[in-house]
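Below is the file entry_28.txt, which contains compact mmCIF, C-alpha atoms and all ligand atoms.
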```
# COMPACT_ATOMS: atom_id res chain seq x y z
CA MET A 5 127.66 11.83 -17.65
CA ALA A 6 127.54 9.86 -20.92
CA ALA A 7 130.34 7.30 -21.33
CA THR A 8 131.76 7.53 -24.85
CA THR A 9 134.91 5.92 -26.15
CA GLU A 10 135.24 7.85 -29.40
CA ILE A 11 133.93 11.38 -29.91
CA PRO A 12 131.83 11.53 -33.12
CA PRO A 13 132.83 14.24 -35.66
CA THR A 14 129.75 16.41 -34.97
CA ALA A 15 130.47 16.50 -31.24
CA GLN A 16 134.18 17.13 -31.95
CA ALA A 17 133.32 20.05 -34.22
CA PHE A 18 130.93 21.63 -31.74
CA ASP A 19 133.46 20.99 -28.94
CA SER A 20 135.92 23.18 -30.88
CA SER A 21 133.29 25.81 -31.60
CA ALA A 22 131.89 25.97 -28.03
CA PRO A 23 134.28 28.53 -26.45
CA THR A 24 133.60 31.11 -29.21
CA TYR A 25 130.02 30.11 -30.17
CA ASP A 26 128.37 32.92 -28.22
CA ALA A 27 130.75 35.64 -29.44
CA GLU A 28 130.66 34.48 -33.06
CA PHE A 29 126.98 33.53 -33.28
CA THR A 30 124.67 33.95 -30.27
CA HIS A 31 125.53 37.60 -29.57
CA GLN A 32 125.62 38.77 -33.21
CA ALA A 33 122.79 41.07 -34.31
CA VAL A 34 121.08 38.71 -36.80
CA PRO A 35 121.09 35.61 -34.54
CA LEU A 36 119.80 37.82 -31.70
CA LEU A 37 116.87 38.84 -33.91
CA LEU A 38 116.22 35.25 -35.06
CA ARG A 39 116.26 33.94 -31.49
CA GLU A 40 113.85 36.72 -30.45
CA LEU A 41 111.48 35.48 -33.19
CA VAL A 42 111.86 31.87 -31.99
CA TRP A 43 111.07 32.89 -28.40
CA ARG A 44 108.01 34.85 -29.56
CA GLU A 45 106.65 31.72 -31.27
CA CYS A 46 107.58 29.39 -28.38
CA ASP A 47 105.99 31.75 -25.83
CA ARG A 48 102.68 31.38 -27.70
CA VAL A 49 102.63 27.58 -27.39
CA PHE A 50 104.74 26.56 -24.36
CA PRO A 51 102.63 26.19 -21.20
CA ARG A 52 103.53 28.49 -18.28
CA ARG A 53 105.99 26.89 -15.84
CA ALA A 54 106.56 24.11 -18.36
CA ARG A 55 108.96 21.23 -17.91
CA LEU A 56 110.95 21.85 -21.07
CA LEU A 57 113.34 19.56 -22.96
CA ASP A 58 115.94 21.57 -24.90
CA VAL A 59 117.42 19.21 -27.51
CA GLY A 60 120.91 20.26 -28.67
CA CYS A 61 120.92 23.07 -26.10
CA GLY A 62 124.38 24.36 -27.08
CA THR A 63 125.59 27.09 -24.71
CA GLY A 64 122.26 27.20 -22.91
CA GLU A 65 120.85 30.50 -24.21
CA ASP A 66 117.30 29.11 -24.44
CA ALA A 67 117.66 27.23 -21.15
CA VAL A 68 118.53 30.50 -19.35
CA TYR A 69 115.61 32.32 -21.00
CA TYR A 70 113.07 29.69 -19.95
CA ALA A 71 114.53 29.11 -16.48
CA ASP A 72 114.10 32.87 -16.00
CA ARG A 73 110.45 32.42 -16.97
CA HIS A 74 109.71 29.89 -14.24
CA CYS A 75 110.20 26.79 -16.38
CA THR A 76 112.34 23.82 -15.41
CA VAL A 77 114.66 22.88 -18.24
CA THR A 78 116.52 19.72 -19.17
CA GLY A 79 119.12 20.48 -21.83
CA ILE A 80 120.96 17.75 -23.70
CA ASP A 81 123.79 18.12 -26.19
CA ALA A 82 126.22 15.78 -27.93
CA SER A 83 129.09 18.20 -27.22
CA ARG A 84 130.63 18.11 -23.74
CA GLU A 85 132.23 21.50 -24.31
CA MET A 86 128.86 23.06 -25.20
CA ILE A 87 127.46 21.65 -21.95
CA LYS A 88 130.48 23.03 -20.08
CA GLU A 89 129.88 26.50 -21.57
CA ALA A 90 126.18 26.27 -20.71
CA LYS A 91 126.95 25.33 -17.10
CA GLY A 92 129.36 28.27 -16.84
CA LYS A 93 126.68 30.62 -18.18
CA LEU A 94 124.12 29.36 -15.65
CA ARG A 95 126.62 29.96 -12.82
CA ARG A 96 127.47 33.47 -14.05
CA MET A 97 123.80 34.35 -14.40
CA ARG A 98 123.03 32.89 -10.97
CA ILE A 99 120.29 30.64 -12.32
CA ASP A 100 118.88 28.38 -9.62
CA LYS A 101 120.57 24.97 -10.15
CA SER A 102 117.32 23.13 -9.45
CA LYS A 103 115.75 24.80 -12.53
CA VAL A 104 118.16 23.50 -15.16
CA ASP A 105 119.62 20.04 -15.67
CA LEU A 106 122.28 19.79 -18.40
CA GLN A 107 123.57 16.50 -19.76
CA ASP A 108 126.01 15.60 -22.51
CA LEU A 109 123.83 13.12 -24.31
CA PRO A 110 123.41 12.71 -28.08
CA VAL A 111 119.95 12.54 -29.61
CA ASP A 112 120.37 8.87 -30.54
CA ARG A 113 120.53 8.10 -26.79
CA LEU A 114 117.47 10.18 -25.90
CA ALA A 115 115.75 7.01 -24.65
CA GLU A 116 118.28 6.93 -21.78
CA LEU A 117 116.88 10.17 -20.30
CA GLN A 118 114.90 9.42 -17.18
CA PRO A 119 112.82 12.48 -16.37
CA VAL A 120 110.70 12.57 -13.20
CA GLY A 121 107.58 12.98 -15.33
CA PRO A 122 106.75 13.71 -18.96
CA PHE A 123 107.96 17.00 -20.45
CA ASP A 124 105.31 19.65 -21.26
CA ALA A 125 107.25 21.07 -24.23
CA ALA A 126 110.38 20.55 -26.31
CA LEU A 127 112.64 22.73 -28.45
CA ALA A 128 115.39 21.92 -30.97
CA ASN A 129 116.70 25.33 -31.94
CA PHE A 130 118.96 26.47 -34.77
CA GLY A 131 119.70 23.48 -36.92
CA VAL A 132 119.97 20.67 -34.36
CA LEU A 133 117.76 18.44 -36.53
CA ASN A 134 120.06 19.14 -39.50
CA CYS A 135 122.67 17.12 -37.57
CA VAL A 136 120.29 14.19 -36.98
CA ALA A 137 120.26 11.44 -39.64
CA ASP A 138 117.42 9.32 -38.23
CA LEU A 139 114.49 11.73 -37.81
CA ASN A 140 112.08 8.83 -37.52
CA GLY A 141 113.91 7.32 -34.53
CA PHE A 142 114.21 10.80 -33.03
CA GLY A 143 110.43 11.35 -33.32
CA ARG A 144 109.72 8.00 -31.65
CA ASP A 145 112.12 8.64 -28.74
CA LEU A 146 111.02 12.25 -28.26
CA SER A 147 107.33 11.38 -28.27
CA ALA A 148 107.94 8.85 -25.46
CA LEU A 149 109.24 11.69 -23.27
CA LEU A 150 106.46 14.23 -23.97
CA ALA A 151 102.99 14.55 -22.50
CA PRO A 152 100.13 14.07 -25.00
CA GLY A 153 99.37 17.40 -26.69
CA ALA A 154 102.77 18.88 -25.73
CA PRO A 155 104.26 21.32 -28.27
CA PHE A 156 107.58 20.62 -29.97
CA VAL A 157 109.27 23.52 -31.76
CA ALA A 158 111.92 22.59 -34.33
CA VAL A 159 113.99 25.30 -36.01
CA ILE A 160 115.76 23.89 -39.08
CA ALA A 161 118.18 25.53 -41.51
CA GLY A 162 116.46 27.07 -44.54
CA LEU A 163 117.23 25.63 -47.97
CA SER A 164 117.01 28.72 -50.14
CA HIS A 165 117.52 32.04 -48.39
CA ILE A 166 117.56 34.79 -51.00
CA PRO A 167 119.90 37.22 -49.11
CA THR A 168 122.42 34.37 -48.64
CA GLU A 169 122.26 33.46 -52.34
CA LEU A 170 122.73 37.16 -53.30
CA ASP A 171 125.74 37.40 -50.99
CA LEU A 172 127.27 34.30 -52.62
CA ILE A 173 126.72 35.83 -56.09
CA ARG A 174 128.29 39.13 -54.91
CA ARG A 175 131.36 37.16 -53.79
CA GLY A 176 131.52 35.24 -57.10
CA ARG A 177 130.79 31.90 -55.40
CA PHE A 178 128.25 30.85 -58.04
CA SER A 179 128.75 27.10 -57.54
CA ARG A 180 127.53 27.37 -53.95
CA VAL A 181 124.24 29.07 -54.87
CA LEU A 182 121.36 26.74 -53.97
CA GLU A 183 123.91 24.09 -52.95
CA ARG A 184 121.69 22.94 -50.09
CA VAL A 185 118.81 22.25 -52.47
CA ARG A 186 120.99 20.31 -54.90
CA HIS A 187 123.00 18.36 -52.30
CA PRO A 188 120.66 17.39 -49.48
CA GLU A 189 123.50 15.54 -47.72
CA MET A 190 126.67 17.57 -47.37
CA GLU A 191 129.61 18.26 -45.07
CA VAL A 192 129.91 21.72 -43.58
CA PRO A 193 133.16 22.67 -41.83
CA VAL A 194 132.67 23.84 -38.24
CA LYS A 195 136.03 25.10 -36.95
CA GLU A 196 137.60 23.13 -39.84
CA VAL A 197 136.03 19.82 -38.71
CA PRO A 198 133.62 18.53 -41.40
CA VAL A 199 130.14 18.00 -39.95
CA PRO A 200 127.63 15.81 -41.85
CA VAL A 201 124.58 18.01 -42.44
CA HIS A 202 121.14 16.90 -43.64
CA CYS A 203 119.40 19.64 -45.57
CA TRP A 204 115.84 18.66 -44.67
CA ARG A 205 112.80 19.98 -46.47
CA THR A 206 109.98 20.83 -44.08
CA THR A 207 107.86 18.13 -45.73
CA GLN A 208 110.53 15.51 -44.92
CA VAL A 209 110.58 16.52 -41.26
CA GLU A 210 106.78 16.52 -41.14
CA THR A 211 106.58 13.05 -42.75
CA ALA A 212 109.32 11.55 -40.53
CA LEU A 213 107.55 12.73 -37.34
CA ALA A 214 103.97 12.11 -38.53
CA SER A 215 103.37 8.90 -36.53
CA TRP A 216 103.75 10.85 -33.27
CA PHE A 217 103.41 14.57 -34.06
CA THR A 218 101.05 16.83 -36.00
CA LEU A 219 102.43 19.96 -37.65
CA GLU A 220 100.45 22.97 -36.42
CA ARG A 221 102.36 25.94 -37.80
CA CYS A 222 105.36 26.67 -39.96
CA ARG A 223 107.08 29.98 -40.73
CA GLY A 224 110.29 31.32 -42.20
CA LEU A 225 112.67 33.31 -39.99
CA GLY A 226 114.82 36.15 -41.32
CA ILE A 227 113.43 35.81 -44.86
CA LEU A 228 114.75 39.17 -46.11
CA ILE A 229 117.36 39.68 -43.39
CA PRO A 230 121.06 39.21 -44.23
CA PRO A 231 122.73 35.96 -43.10
CA PRO A 232 124.30 35.91 -39.60
CA HIS A 233 127.85 36.65 -40.85
CA LEU A 234 126.56 39.99 -42.23
CA SER A 235 125.32 41.13 -38.82
CA GLY A 236 127.39 44.36 -39.09
CA PHE A 237 125.62 45.30 -42.35
CA TYR A 238 122.26 44.49 -40.72
CA ARG A 239 123.07 46.76 -37.75
CA ARG A 240 124.10 49.66 -40.01
CA HIS A 241 120.82 49.45 -41.98
CA HIS A 242 118.62 48.52 -39.09
CA ARG A 243 115.82 50.97 -39.98
CA LEU A 244 115.39 49.48 -43.45
CA PHE A 245 115.30 45.95 -42.05
CA LEU A 246 112.72 46.90 -39.42
CA ALA A 247 110.20 47.42 -42.25
CA LEU A 248 111.13 44.04 -43.75
CA GLU A 249 110.76 42.38 -40.34
CA ARG A 250 107.25 43.84 -40.04
CA TRP A 251 106.41 42.37 -43.47
CA GLU A 252 107.78 39.00 -42.32
CA GLN A 253 105.57 39.05 -39.24
CA ARG A 254 102.55 39.17 -41.54
CA ALA A 255 103.70 36.99 -44.46
CA GLY A 256 106.31 34.62 -42.98
CA HIS A 257 103.86 31.73 -42.57
CA LEU A 258 102.48 31.78 -46.13
CA PRO A 259 103.14 28.67 -48.28
CA LEU A 260 106.28 29.07 -50.45
CA VAL A 261 107.26 32.28 -48.57
CA ARG A 262 107.90 30.32 -45.35
CA ASP A 263 110.41 28.07 -47.10
CA LEU A 264 112.61 31.10 -47.88
CA GLY A 265 113.70 31.68 -44.29
CA GLU A 266 117.31 31.69 -43.13
CA HIS A 267 115.85 29.17 -40.70
CA VAL A 268 112.36 27.67 -40.75
CA LEU A 269 110.38 27.23 -37.55
CA MET A 270 107.97 24.31 -37.25
CA VAL A 271 105.50 23.94 -34.37
CA PHE A 272 104.38 20.34 -33.76
CA ARG A 273 101.97 18.86 -31.22
CA ARG A 274 102.49 15.42 -29.78
CA ASN A 275 99.52 13.32 -30.79
CA PRO A 276 97.16 12.35 -27.94
C1 LIG B 301 123.94 25.25 -34.21
S1 LIG B 301 124.05 24.61 -32.61
C2 LIG B 301 122.55 25.19 -31.86
C3 LIG B 301 122.70 25.27 -30.36
C4 LIG B 301 121.51 25.83 -29.59
N1 LIG B 301 120.30 25.05 -29.81
C5 LIG B 301 121.24 27.28 -29.92
O1 LIG B 301 120.08 27.63 -30.08
O2 LIG B 301 122.19 28.07 -29.93
C6 LIG B 301 123.69 22.90 -32.84
C7 LIG B 301 123.84 22.12 -31.53
O3 LIG B 301 123.36 20.79 -31.73
C8 LIG B 301 124.24 19.90 -31.06
N2 LIG B 301 124.09 18.60 -31.70
C9 LIG B 301 124.42 18.24 -32.97
N3 LIG B 301 124.14 16.94 -33.19
C10 LIG B 301 123.61 16.47 -32.04
C11 LIG B 301 123.13 15.19 -31.63
N4 LIG B 301 123.13 14.16 -32.47
N5 LIG B 301 122.68 15.06 -30.37
C12 LIG B 301 122.66 16.11 -29.51
N6 LIG B 301 123.12 17.34 -29.83
C13 LIG B 301 123.59 17.52 -31.08
C14 LIG B 301 125.60 20.51 -31.25
O4 LIG B 301 126.55 20.02 -30.34
C15 LIG B 301 125.28 21.99 -31.07
O5 LIG B 301 125.39 22.39 -29.74
```

Translate the structure described by the file into structure tokens.
Amino acid sequence: MAATTEIPPTAQAFDSSAPTYDAEFTHQAVPLLLRELVWRECDRVFPRRARLLDVGCGTGEDAVYYADRHCTVTGIDASREMIKEAKGKLRRMRIDKSKVDLQDLPVDRLAELQPVGPFDAALANFGVLNCVADLNGFGRDLSALLAPGAPFVAVIAGLSHIPTELDLIRRGRFSRVLERVRHPEMEVPVKEVPVPVHCWRTTQVETALASWFTLERCRGLGILIPPPHLSGFYRRHHRLFLALERWEQRAGHLPLVRDLGEHVLMVFRRNP
């Protein structure tokens, strides 16, 4: 277990959010759809029976999915409470303990991980990289843990999601429209604890990782789907959104369109 004297604000915030994270986010209709899309993309590139590194694993939803699919997963997270929730979930779901190793370890101490061999794949799902200030250092440390040619899937928060902007306008919150584009460094309250968030453009992530990783594919997720907090609205109009989801399957990777996702998924390959 990581020895820390002072809990950094991001870990504190996610510690407070951990007990309700699944009820308020993971199990809501829109996040369920987005995660399904992430899994679809990961399933295309992750090798079968991969040794997978789940960076910022949260409550372990992806770890459970991949352990169920014959992968061995190492999940790390800066939040002890997230790791505690994830361990509880693994116990409840009777996942073989030898298939998942969970550690409370922040990204800036990734170099301390001592895997038995190199990982075959890595995932940083739902905004983990938006909490990381030093993407360059992260790329260097991650690449040292991955086998040459291994895929790394990063899912970062989108900068301009039209349904979110429309919802802000509907609620009269004009000053917040496109806030993430105008203020690339901001503080977002998570359970009332301000978390420093880096609103990365995909080109910034690509450039920061370029010494070790090559970007292979990029696509927007949930481009015309309401934001997660409007999951009830999405459920009520599910048939309409099905058509929009089909459109996204075809057009979500196109330049400009892909940047309009609620999240944006980037598939990298570790350079040989
Ligand atoms: C929005 S949650 C996503 C959790 C999970 N990946 C998922 O798909 O549900 C972001 C996670 O990143 C973790 N995190 C934030 N900054 C981190 C850091 N510097 N090192 C490791 N984990 C971090 C948080 O504790 C939190 O669990």

| request: Around ligand LIG 301 (chain B), at most 9 Å away and counting all atoms listed in the file, which residues are there? Put them as a ChimeraX atom specification, please. | output: /A:14-19,21-22,25-26,29-30,35,39,58-66,80-87,108-114,127-137,159

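Proximity ranking of A:His233, A:Arg180, A:Arg221, A:Arg186 relative to Phe156 (chain A) places A:Arg221 first, based on only C-alpha atoms.
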
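Straight-line separation from CA of Arg273 (chain A) to CA of Trp216 (chain A): 8.5 Å.
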
| field | Å distance separating CA of Arg184 (chain A) from CA of Phe245 (chain A), one decimal place | value | 25.2 Å

| said: Rounded to one decimal, what separation in Å do you get between CA of Phe217 (chain A) and CA of Pro12 (chain A)? | reply: 28.6 Å

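Minimum atom-to-atom distances from A:Pro13, A:Gly79, A:Gly256, A:Pro231 to Leu117 (chain A) were compared using only C-alpha atoms, and the lowest value belongs to A:Gly79.
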
Give me the residues within 10 Å of Cys222 (chain A) as a PDB file with C-alpha atoms, keeping the file's coordinate frame, counting all atoms listed in the file and dropping any in the same chain fewer than 3 places off.
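As a result, part-v6.pdb now contains:
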```pdb
ATOM      1  CA  VAL A 157     109.270  23.520 -31.760  1.00  0.00           C
ATOM      2  CA  ALA A 158     111.920  22.590 -34.330  1.00  0.00           C
ATOM      3  CA  VAL A 159     113.990  25.300 -36.010  1.00  0.00           C
ATOM      4  CA  THR A 206     109.980  20.830 -44.080  1.00  0.00           C
ATOM      5  CA  LEU A 219     102.430  19.960 -37.650  1.00  0.00           C
ATOM      6  CA  LEU A 225     112.670  33.310 -39.990  1.00  0.00           C
ATOM      7  CA  GLY A 256     106.310  34.620 -42.980  1.00  0.00           C
ATOM      8  CA  HIS A 257     103.860  31.730 -42.570  1.00  0.00           C
ATOM      9  CA  LEU A 258     102.480  31.780 -46.130  1.00  0.00           C
ATOM     10  CA  PRO A 259     103.140  28.670 -48.280  1.00  0.00           C
ATOM     11  CA  ARG A 262     107.900  30.320 -45.350  1.00  0.00           C
ATOM     12  CA  ASP A 263     110.410  28.070 -47.100  1.00  0.00           C
ATOM     13  CA  VAL A 268     112.360  27.670 -40.750  1.00  0.00           C
ATOM     14  CA  LEU A 269     110.380  27.230 -37.550  1.00  0.00           C
ATOM     15  CA  MET A 270     107.970  24.310 -37.250  1.00  0.00           C
ATOM     16  CA  VAL A 271     105.500  23.940 -34.370  1.00  0.00           C
ATOM     17  CA  PHE A 272     104.380  20.340 -33.760  1.00  0.00           C
TER      18      PHE A 272
END
```

Report as lines of an AutoDock Vina configuration file the centre and the edge lengths, in Å to one decimal, of the axis-aligned box holding every listed atom of region 259-262 of chain A, padded by 3 Å on each side.
```
center_x = 105.5
center_y = 30.5
center_z = -47.9
size_x = 10.8
size_y = 9.6
size_z = 11.1
```

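If you count only C-alpha atoms and ignore residues fewer than 5 places along the chain from region 102-105 of chain A, what sits within 10 Å of it is Arg55, Leu56, Leu57, Gly64, Ala67, Val68, Tyr70, Ala71, Asp72, His74, Cys75, Thr76, Val77, Thr78, Gly79, Ile80, Lys91 and Leu94 of chain A.
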
Resulting file, chosen residues, C-alpha atoms, as a short mmCIF file (atom, residue, chain, number, x, y, z; two decimals), keeping the file's coordinate frame:
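Okay, out_27.cif is ready:
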```cif
data_model
loop_
_atom_site.label_atom_id
_atom_site.label_comp_id
_atom_site.auth_asym_id
_atom_site.auth_seq_id
_atom_site.Cartn_x
_atom_site.Cartn_y
_atom_site.Cartn_z
CA ARG A 55 108.96 21.23 -17.91
CA LEU A 56 110.95 21.85 -21.07
CA LEU A 57 113.34 19.56 -22.96
CA GLY A 64 122.26 27.20 -22.91
CA ALA A 67 117.66 27.23 -21.15
CA VAL A 68 118.53 30.50 -19.35
CA TYR A 70 113.07 29.69 -19.95
CA ALA A 71 114.53 29.11 -16.48
CA ASP A 72 114.10 32.87 -16.00
CA HIS A 74 109.71 29.89 -14.24
CA CYS A 75 110.20 26.79 -16.38
CA THR A 76 112.34 23.82 -15.41
CA VAL A 77 114.66 22.88 -18.24
CA THR A 78 116.52 19.72 -19.17
CA GLY A 79 119.12 20.48 -21.83
CA ILE A 80 120.96 17.75 -23.70
CA LYS A 91 126.95 25.33 -17.10
CA LEU A 94 124.12 29.36 -15.65
#
```

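Compared by their closest atoms to His267 (chain A), and using only C-alpha atoms, the residues A:Ala151, A:Ile229, A:Ala214, A:Ile11 rank with A:Ile229 nearest.
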
| said: Which residue is closest to Asp171 (chain A)? Choose from A:Phe237, A:Phe123, A:Trp251, A:Trp43 and count all atoms listed in the file. | reply: A:Phe237

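When only C-alpha atoms are used to measure the gap to Pro230 (chain A), the shortest distance among A:Ala125, A:Leu149, A:Ala247, A:Leu170 belongs to A:Leu170.
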
| task | Point out the residue among A:Pro167, A:Pro122, A:Glu28, A:Tyr69 with the least atom-to-atom distance to Met97 (chain A), counting only C-alpha atoms. | result | A:Tyr69
